Amino acid sequence: MTPSHNKDTQTINIKKLTLLAVYTTIALTIFTAESFLPPLLPLPGIKLGLSNIVTLWLLMHTRARDALCVLLARILLSSFFAGQMVSLLYSLAGGLLCFAVMTLLFHLLQDRYVVFISVFGALAHNIGQIIIAILITQLPSMLAYLPVLAISGIVTGTFTGLCVFYLKRHLPPKIAWPL
C-alpha cells in the first residue's frame, strides 16, 4: 500500500465514522422526540418506533453492519440517557430480531418493498420483546398479548415504511450516503 492510498482510506473511514455518528444522532433525536408524544394506546409496548426509519434508511444505503452499529449505539445510548436500563433487554431483543428480519428481506427483495420489509421488522420487534417478557416473567401466557402487538406492528411498520418510501422518492441519493 502506498502512503497516499493509506491516507485516502483513512479519510474515507473518518468520513464514514462521522456519517454514522450523524445518523446515530438523528436516531437518538427521533427517539427522544417520540418519547414526548402521548402514547398511541394506553397499552404497554405500543409506540410508533420512528427511530427505525434510520435503520431502514441505512439498510437501503449502506452495508448491514453499518446499520447495525447505528442501531446498537441508538439502543444503548437511548437506554442510558432515558435512565431505563431495565428496558435495555427488551429493546435489544426487539431491535436485533427486527434488524435480522429486515436485513434478510432487503437481501431478498432489495428496497422495492420497503413498507413490507418495515411491517415484518415491526412484527419481529414485537416477537423479540414478547420472548424477553416470557423469559423474565416465566409466564408463557404473555403470548396472549402478541395479537395486540401484531396489530400495532402492522400499523406502525406501515407508517415507518411509508416514511422511508417517501424519503427515498424525495431525497437525492448523494444526501443519503455521500461517500
# chains A, B, ... in the order shown; residues from 1 in each chain; ligands from 1

call {"tool": "residues_around", "arguments": {"residues": "Pro147 in chain A", "least_positions_apart": "4", "cutoff": "12 Å", "atoms": "only C-alpha atoms", "output": "PyMOL selection string"}}
result
chain A and resi 123+126-127+130+142-143+151-154

call {"tool": "residues_around", "arguments": {"residues": "range 44-59 of chain A", "least_positions_apart": "2", "cutoff": "6 Å", "atoms": "only C-alpha atoms", "output": "PDB file with N, CA and C atoms, in the first residue's frame"}}
result
ATOM      1  N   ALA A  27     -31.140   9.304  14.903  1.00  0.00           N
ATOM      2  CA  ALA A  27     -31.977   8.260  15.506  1.00  0.00           C
ATOM      3  C   ALA A  27     -32.277   8.580  16.967  1.00  0.00           C
ATOM      4  N   ILE A  30     -34.823  11.447  17.103  1.00  0.00           N
ATOM      5  CA  ILE A  30     -36.163  10.943  16.791  1.00  0.00           C
ATOM      6  C   ILE A  30     -36.727  10.178  17.985  1.00  0.00           C
ATOM      7  N   PHE A  31     -35.893   9.323  18.599  1.00  0.00           N
ATOM      8  CA  PHE A  31     -36.317   8.555  19.775  1.00  0.00           C
ATOM      9  C   PHE A  31     -36.762   9.496  20.894  1.00  0.00           C
ATOM     10  N   HIS A  61     -29.012   2.109   2.068  1.00  0.00           N
ATOM     11  CA  HIS A  61     -27.914   2.907   1.518  1.00  0.00           C
ATOM     12  C   HIS A  61     -26.519   2.513   1.978  1.00  0.00           C
ATOM     13  N   THR A  62     -26.406   1.589   2.936  1.00  0.00           N
ATOM     14  CA  THR A  62     -25.088   1.204   3.435  1.00  0.00           C
ATOM     15  C   THR A  62     -25.021  -0.308   3.559  1.00  0.00           C
ATOM     16  N   ALA A  64     -25.024  -3.684   5.871  1.00  0.00           N
ATOM     17  CA  ALA A  64     -25.823  -4.061   7.040  1.00  0.00           C
ATOM     18  C   ALA A  64     -25.066  -3.800   8.343  1.00  0.00           C
ATOM     19  N   ALA A  67     -25.474  -0.222   9.464  1.00  0.00           N
ATOM     20  CA  ALA A  67     -26.812  -0.011  10.035  1.00  0.00           C
ATOM     21  C   ALA A  67     -26.908  -0.634  11.424  1.00  0.00           C
ATOM     22  N   THR A 156     -47.797   0.473  12.797  1.00  0.00           N
ATOM     23  CA  THR A 156     -46.597   1.299  12.954  1.00  0.00           C
ATOM     24  C   THR A 156     -45.536   0.961  11.903  1.00  0.00           C
ATOM     25  N   THR A 160     -43.808   3.713   9.390  1.00  0.00           N
ATOM     26  CA  THR A 160     -42.377   3.964   9.240  1.00  0.00           C
ATOM     27  C   THR A 160     -41.886   3.574   7.846  1.00  0.00           C
TER      28      THR A 160
END

call {"tool": "residues_around", "arguments": {"residues": "Arg112 in chain A", "least_positions_apart": "5", "cutoff": "12 Å", "atoms": "only C-alpha atoms", "output": "PyMOL selection string"}}
result
chain A and resi 60+105-107+117-118+161-162+164-165+168-169

call {"tool": "write_last_selection", "arguments": {"atoms": "C-alpha atoms", "output": "compact mmCIF listing (two decimals), in the first residue's frame"}}
result
# COMPACT_ATOMS: atom_id res chain seq x y z
CA MET A 60 -31.04 0.78 1.84
CA LEU A 105 -35.78 -9.24 3.44
CA PHE A 106 -33.65 -6.42 1.99
CA HIS A 107 -31.24 -9.06 0.72
CA ILE A 117 -40.00 -5.03 4.99
CA SER A 118 -40.82 -2.45 7.66
CA GLY A 161 -42.07 2.12 5.92
CA LEU A 162 -44.07 4.85 4.19
CA VAL A 164 -38.76 5.80 4.27
CA PHE A 165 -40.52 5.23 0.93
CA LYS A 168 -36.30 7.85 -0.87
CA ARG A 169 -38.51 9.42 -3.52

call {"tool": "residues_around", "arguments": {"residues": "range 75-77 of chain A", "least_positions_apart": "4", "cutoff": "9 Å", "atoms": "only C-alpha atoms", "output": "PyMOL selection string"}}
result
chain A and resi 28+70-71+81-82+85+88+91-92+95

call {"tool": "write_last_selection", "arguments": {"atoms": "C-alpha atoms", "output": "CSV table (one decimal), in the first residue's frame"}}
result
chain,number,residue,atom,x,y,z
A,28,LEU,CA,-31.5,9.4,19.1
A,70,VAL,CA,-26.1,2.7,14.4
A,71,LEU,CA,-28.9,0.6,15.8
A,81,PHE,CA,-30.0,8.7,28.6
A,82,ALA,CA,-33.6,7.8,29.4
A,85,MET,CA,-31.7,0.3,31.7
A,88,LEU,CA,-32.4,-2.4,27.5
A,91,SER,CA,-35.0,-3.0,23.2
A,92,LEU,CA,-32.0,-5.2,22.3
A,95,GLY,CA,-34.2,-4.4,17.8

call {"tool": "atom_distance", "arguments": {"atom1": "CA of Val22 in chain A", "atom2": "CA of Met102 in chain A"}}
result
21.8 Å

call {"tool": "closest_residue", "arguments": {"among": "A:Gly121, A:Leu19, A:Gln84, A:Gly128", "to": "Thr158 in chain A", "atoms": "only C-alpha atoms"}}
result
A:Gly121

call {"tool": "select_by_dssp", "arguments": {"residues": "chain A", "states": "alpha helix (DSSP H)", "output": "PyMOL selection string"}}
result
chain A and resi 3-35+52-61+64-82+88-109+114-137+146-170+173-176
